[in-house]
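*Asks:* Below you will find the structure I want to go over with you.
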Amino acid sequence: MLPDPNSLAGPLDPAPEAGWSDAPPRMGFFTDTSVCIGCKACEVACKEWNDVPTSGLDLLGMSYDNTGALTANSWRHVAFVEQPRPAGHRTPPFAGNPTDGSTSPSSAAVGATTGNPVGTEPGEPTGSPEAAARMAAGPEFLGMPGTQPPGRATGPESRSDFRWLMMSDVCKHCTHAACLDVCPTGSLFRTEFGTVVVQEDICNGCGYCISACPYGVIDRRQDDGRAWKCTLCYDRIGVGKTPACAQACPTESIQYGPLEELRERAAARVATLHERGVPEARLYGHDPADGVGGDGAFFLLLDEPEVYGLPPDPVVTTRDLPKMWKKAGLAALAVAAAAVAAFVGGSS
């Protein structure tokens, strides 16, 4: 198998590249965010099984997301993204944007509150029959409370005017893992399942892996300075068990299995969602031809990756190292040649 152009060294099958003979099928995660309910069972299960310290209680003001991001003490992070848009159907791009000419001076004056009052503020006389009719009608019934969840009885058109996007983020276990390339101690290694694991007893806390990760996953603990991240429960999968987060997920949003099988399952799920009227469903991190050779943990998203805090086009950060070292070597030779020429010229 030929090396990939984004790889520092080696083909697309990471376990044999790392020296494993007769390696089992590559294992990974497929996270279907369309069925994530934000229960955080995965976060709790990860902490309990791996004895990950508490992250503290930080009221971040980001909906129900009080973890904030993947850190050394949060190997799973459930993001809550609130969007001011109807749930159940997609708003076409640029829909509702103004396309006509500029507004009239009278309308601009009303918008700037310099015109006559129109009865939309308490205590002001009504300035039009329409405003008076709205005020006389009394409170508007919005459909709650009811015997069924919003939209269940009447369809998606009547649902609330915002939606939650929830996603359980985790280390991507990249095919081309820059953290492996830059680790000077061998603390990071590739397992026989194609996953990437940190050996904390070997880590010297240099931090090279942190800056090398294109996803910003790896982090150091403040108390000991060592790097920590998801291991995909290497101790569990080594004896045939399911990782703790996938085992605890009540909706099977987090699915674990052979990576090729998960990719087929994910493609079928996207096709199903498209048939059901969710055209924005797309996969992220599944493509072996992307900048990291495909991820061992990939996702089904309902919006652009940036909405979830993911880079739109991640590239392994060590891709250009051979070119950089070659140019540095040529520059060093040029400097040496110039120094020799100057010495010889000065001698003569």
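By order of appearance in the structure tokens: chains A, B, ..., then residues from 1 within every chain, and ligands from 1 in the order shown.
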Extract the full set of alpha helix (DSSP H) residues from stretch 221-331 of chain A according to DSSP on the backbone, and format it as a VMD selection string.
*Replies:* chain A and resid 234 to 237 244 to 248 259 to 275 321 to 331
*Asks:* Give me, as CSV, the closest atom pair and its distance (Å, one decimal) for every residue of stretch 272-311 of chain A within a cut-off of 10 Å of stretch 162-172 of chain A, counting only C-alpha atoms, rows sorted by chain and rising number.
*Replies:*
```
residue,atom,partner,partner_atom,distance
A:Gly285,CA,A:Lys172,CA,8.1
A:Val292,CA,A:Lys172,CA,9.8
A:Gly294,CA,A:Lys172,CA,8.9
A:Asp295,CA,A:Lys172,CA,5.4
A:Gly296,CA,A:Lys172,CA,5.7
A:Ala297,CA,A:Lys172,CA,4.6
A:Phe298,CA,A:Lys172,CA,6.8
A:Phe299,CA,A:Met167,CA,8.7
A:Leu300,CA,A:Met167,CA,9.2
A:Leu301,CA,A:Met167,CA,8.2
A:Leu302,CA,A:Leu165,CA,7.5
A:Asp303,CA,A:Leu165,CA,8.5
A:Val307,CA,A:Leu165,CA,8.9
A:Tyr308,CA,A:Met167,CA,7.5
A:Gly309,CA,A:Asp169,CA,9.6
A:Leu310,CA,A:Asp169,CA,9.4
```
*Asks:* Generate the output file for the selected residues, N, CA, C and O atoms, as a compact mmCIF listing (two decimals), in the first residue's frame.
*Replies:*
```
# COMPACT_ATOMS: atom_id res chain seq x y z
N GLY A 285 -15.37 13.10 9.36
CA GLY A 285 -14.25 12.28 9.80
C GLY A 285 -14.26 10.86 9.28
O GLY A 285 -13.44 10.05 9.71
N VAL A 292 -6.46 13.85 7.53
CA VAL A 292 -5.87 13.00 8.58
C VAL A 292 -6.02 11.51 8.25
O VAL A 292 -5.81 10.66 9.10
N GLY A 294 -8.76 9.97 7.60
CA GLY A 294 -9.97 9.41 8.22
C GLY A 294 -9.76 9.22 9.71
O GLY A 294 -8.65 8.95 10.17
N ASP A 295 -10.84 9.38 10.45
CA ASP A 295 -10.78 9.26 11.91
C ASP A 295 -11.27 7.90 12.37
O ASP A 295 -12.18 7.32 11.77
N GLY A 296 -10.70 7.44 13.47
CA GLY A 296 -11.21 6.23 14.10
C GLY A 296 -12.47 6.48 14.90
O GLY A 296 -13.16 5.53 15.30
N ALA A 297 -12.77 7.74 15.16
CA ALA A 297 -14.02 8.14 15.81
C ALA A 297 -14.63 9.23 14.95
O ALA A 297 -14.11 10.35 14.91
N PHE A 298 -15.71 8.92 14.24
CA PHE A 298 -16.31 9.89 13.34
C PHE A 298 -17.76 10.12 13.72
O PHE A 298 -18.32 9.43 14.59
N PHE A 299 -18.40 11.10 13.06
CA PHE A 299 -19.67 11.63 13.54
C PHE A 299 -20.67 11.83 12.40
O PHE A 299 -20.28 12.08 11.26
N LEU A 300 -21.94 11.74 12.75
CA LEU A 300 -23.02 12.22 11.90
C LEU A 300 -23.48 13.54 12.48
O LEU A 300 -23.91 13.60 13.64
N LEU A 301 -23.39 14.61 11.69
CA LEU A 301 -23.73 15.95 12.14
C LEU A 301 -24.99 16.44 11.43
O LEU A 301 -25.31 16.00 10.33
N LEU A 302 -25.67 17.39 12.07
CA LEU A 302 -26.86 18.00 11.50
C LEU A 302 -26.62 19.46 11.11
O LEU A 302 -27.58 20.18 10.83
N ASP A 303 -25.38 19.88 11.09
CA ASP A 303 -25.03 21.23 10.66
C ASP A 303 -23.55 21.23 10.32
O ASP A 303 -22.88 20.19 10.39
N VAL A 307 -20.16 24.61 13.70
CA VAL A 307 -21.23 24.81 14.69
C VAL A 307 -20.96 23.99 15.94
O VAL A 307 -21.26 24.41 17.06
N TYR A 308 -20.36 22.83 15.77
CA TYR A 308 -20.05 21.94 16.88
C TYR A 308 -18.65 22.18 17.46
O TYR A 308 -18.20 21.45 18.34
N GLY A 309 -17.95 23.18 16.94
CA GLY A 309 -16.60 23.43 17.41
C GLY A 309 -15.55 22.54 16.78
O GLY A 309 -14.46 22.37 17.35
N LEU A 310 -15.84 21.97 15.62
CA LEU A 310 -14.91 21.08 14.93
C LEU A 310 -14.28 21.80 13.74
O LEU A 310 -14.95 22.59 13.07
```
*Asks:* Let me make sure I understand: among A:Asp65, A:Glu17, A:Asp287, A:Asp235, which one has the smallest atom-to-atom distance to A:Cys39 if we use only C-alpha atoms?
*Replies:*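 For A:Cys39, the nearest of the candidates is A:Asp65.
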*Asks:* Counting only C-alpha atoms, which residue out of A:Gly19, A:Phe30, A:Arg236, A:Val81 sits closest to A:Ala266?
*Replies:*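 Going through A:Gly19, A:Phe30, A:Arg236, A:Val81 one by one, the smallest distance to A:Ala266 is for A:Phe30.
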*Asks:* Name the residues in contact with A:Pro184 at a cut-off of 9 Å, using only C-alpha atoms, excluding same-chain residues fewer than 4 positions from it; report them as a PyMOL selection string.
*Replies:* chain A and resi 180+204+206+208
*Asks:* Take the residues from that selection and write them out as a tab-separated table (two decimals), in the first residue's frame, keeping N, CA and C atoms.
*Replies:*
```tsv
chain	number	residue	atom	x	y	z
A	180	LEU	N	1.44	11.19	17.62
A	180	LEU	CA	2.41	10.08	17.60
A	180	LEU	C	3.73	10.52	16.97
A	204	ASN	N	6.50	12.72	29.71
A	204	ASN	CA	7.33	13.68	30.44
A	204	ASN	C	6.72	15.08	30.48
A	206	CYS	N	6.04	17.19	28.00
A	206	CYS	CA	6.65	18.19	27.12
A	206	CYS	C	5.59	19.04	26.41
A	208	TYR	N	4.32	18.59	23.37
A	208	TYR	CA	4.39	18.62	21.91
A	208	TYR	C	3.10	18.08	21.28
```
*Asks:* Please indicate the distance in Å from atom CA of A:Thr317 to atom CA of A:Cys233, rounded to one decimal place.
*Replies:*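 Between atom CA of A:Thr317 and atom CA of A:Cys233 the gap is 25.6 Å.
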*Asks:* Using only C-alpha atoms for the distances, tell me which of A:Ala72, A:Ala289, A:Leu330, A:Ala18 is nearest to A:Asp224.
*Replies:*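 When distances to A:Asp224 are compared using only C-alpha atoms, the smallest one comes from A:Ala72.
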*Asks:* Give me, please, the distance in Å between atom CA of A:Ala15 and atom CA of A:Thr242, quoted to one decimal.
*Replies:*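 So the two atoms, atom CA of A:Ala15 and atom CA of A:Thr242, lie 19.5 Å apart.
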*Asks:* Need the shell around A:Lys229: protein/DNA/RNA residues with any atom at most 10 Å away, counting only C-alpha atoms. Skip same-chain ones fewer than 5 positions apart. Format as JSON, numbers by chain?
*Replies:* {"A": [52, 70, 71, 72, 73, 74, 75, 76, 170, 171, 196, 197, 198, 217, 218, 219, 220]}
*Asks:* Could you give me, as number ranges by chain, the residues within 9 Å of A:Cys249, counting only C-alpha atoms and dropping anything in the same chain fewer than 2 positions from it?
*Replies:* A: 36, 39-42, 244-247, 251-255
*Asks:* Can you check which parts of stretch 25-47 of chain A lie within 7 Å of stretch 258-265 of chain A? Per residue, the shortest pair of atoms and distance in Å to one decimal, counting only C-alpha atoms, sorted by chain and number, as a Markdown table.
*Replies:*
```
| residue | atom | partner | partner_atom | distance |
| --- | --- | --- | --- | --- |
| A:Pro25 | CA | A:Pro258 | CA | 6.0 |
| A:Arg26 | CA | A:Pro258 | CA | 5.7 |
| A:Met27 | CA | A:Pro258 | CA | 4.4 |
| A:Gly28 | CA | A:Leu259 | CA | 5.3 |
| A:Phe30 | CA | A:Leu262 | CA | 6.2 |
```
*Asks:* My list of candidates is A:Thr175, A:Thr191, A:Asn50, A:Thr185. Which is closest to A:Pro243 when distances are computed with only C-alpha atoms?
*Replies:* A:Asn50
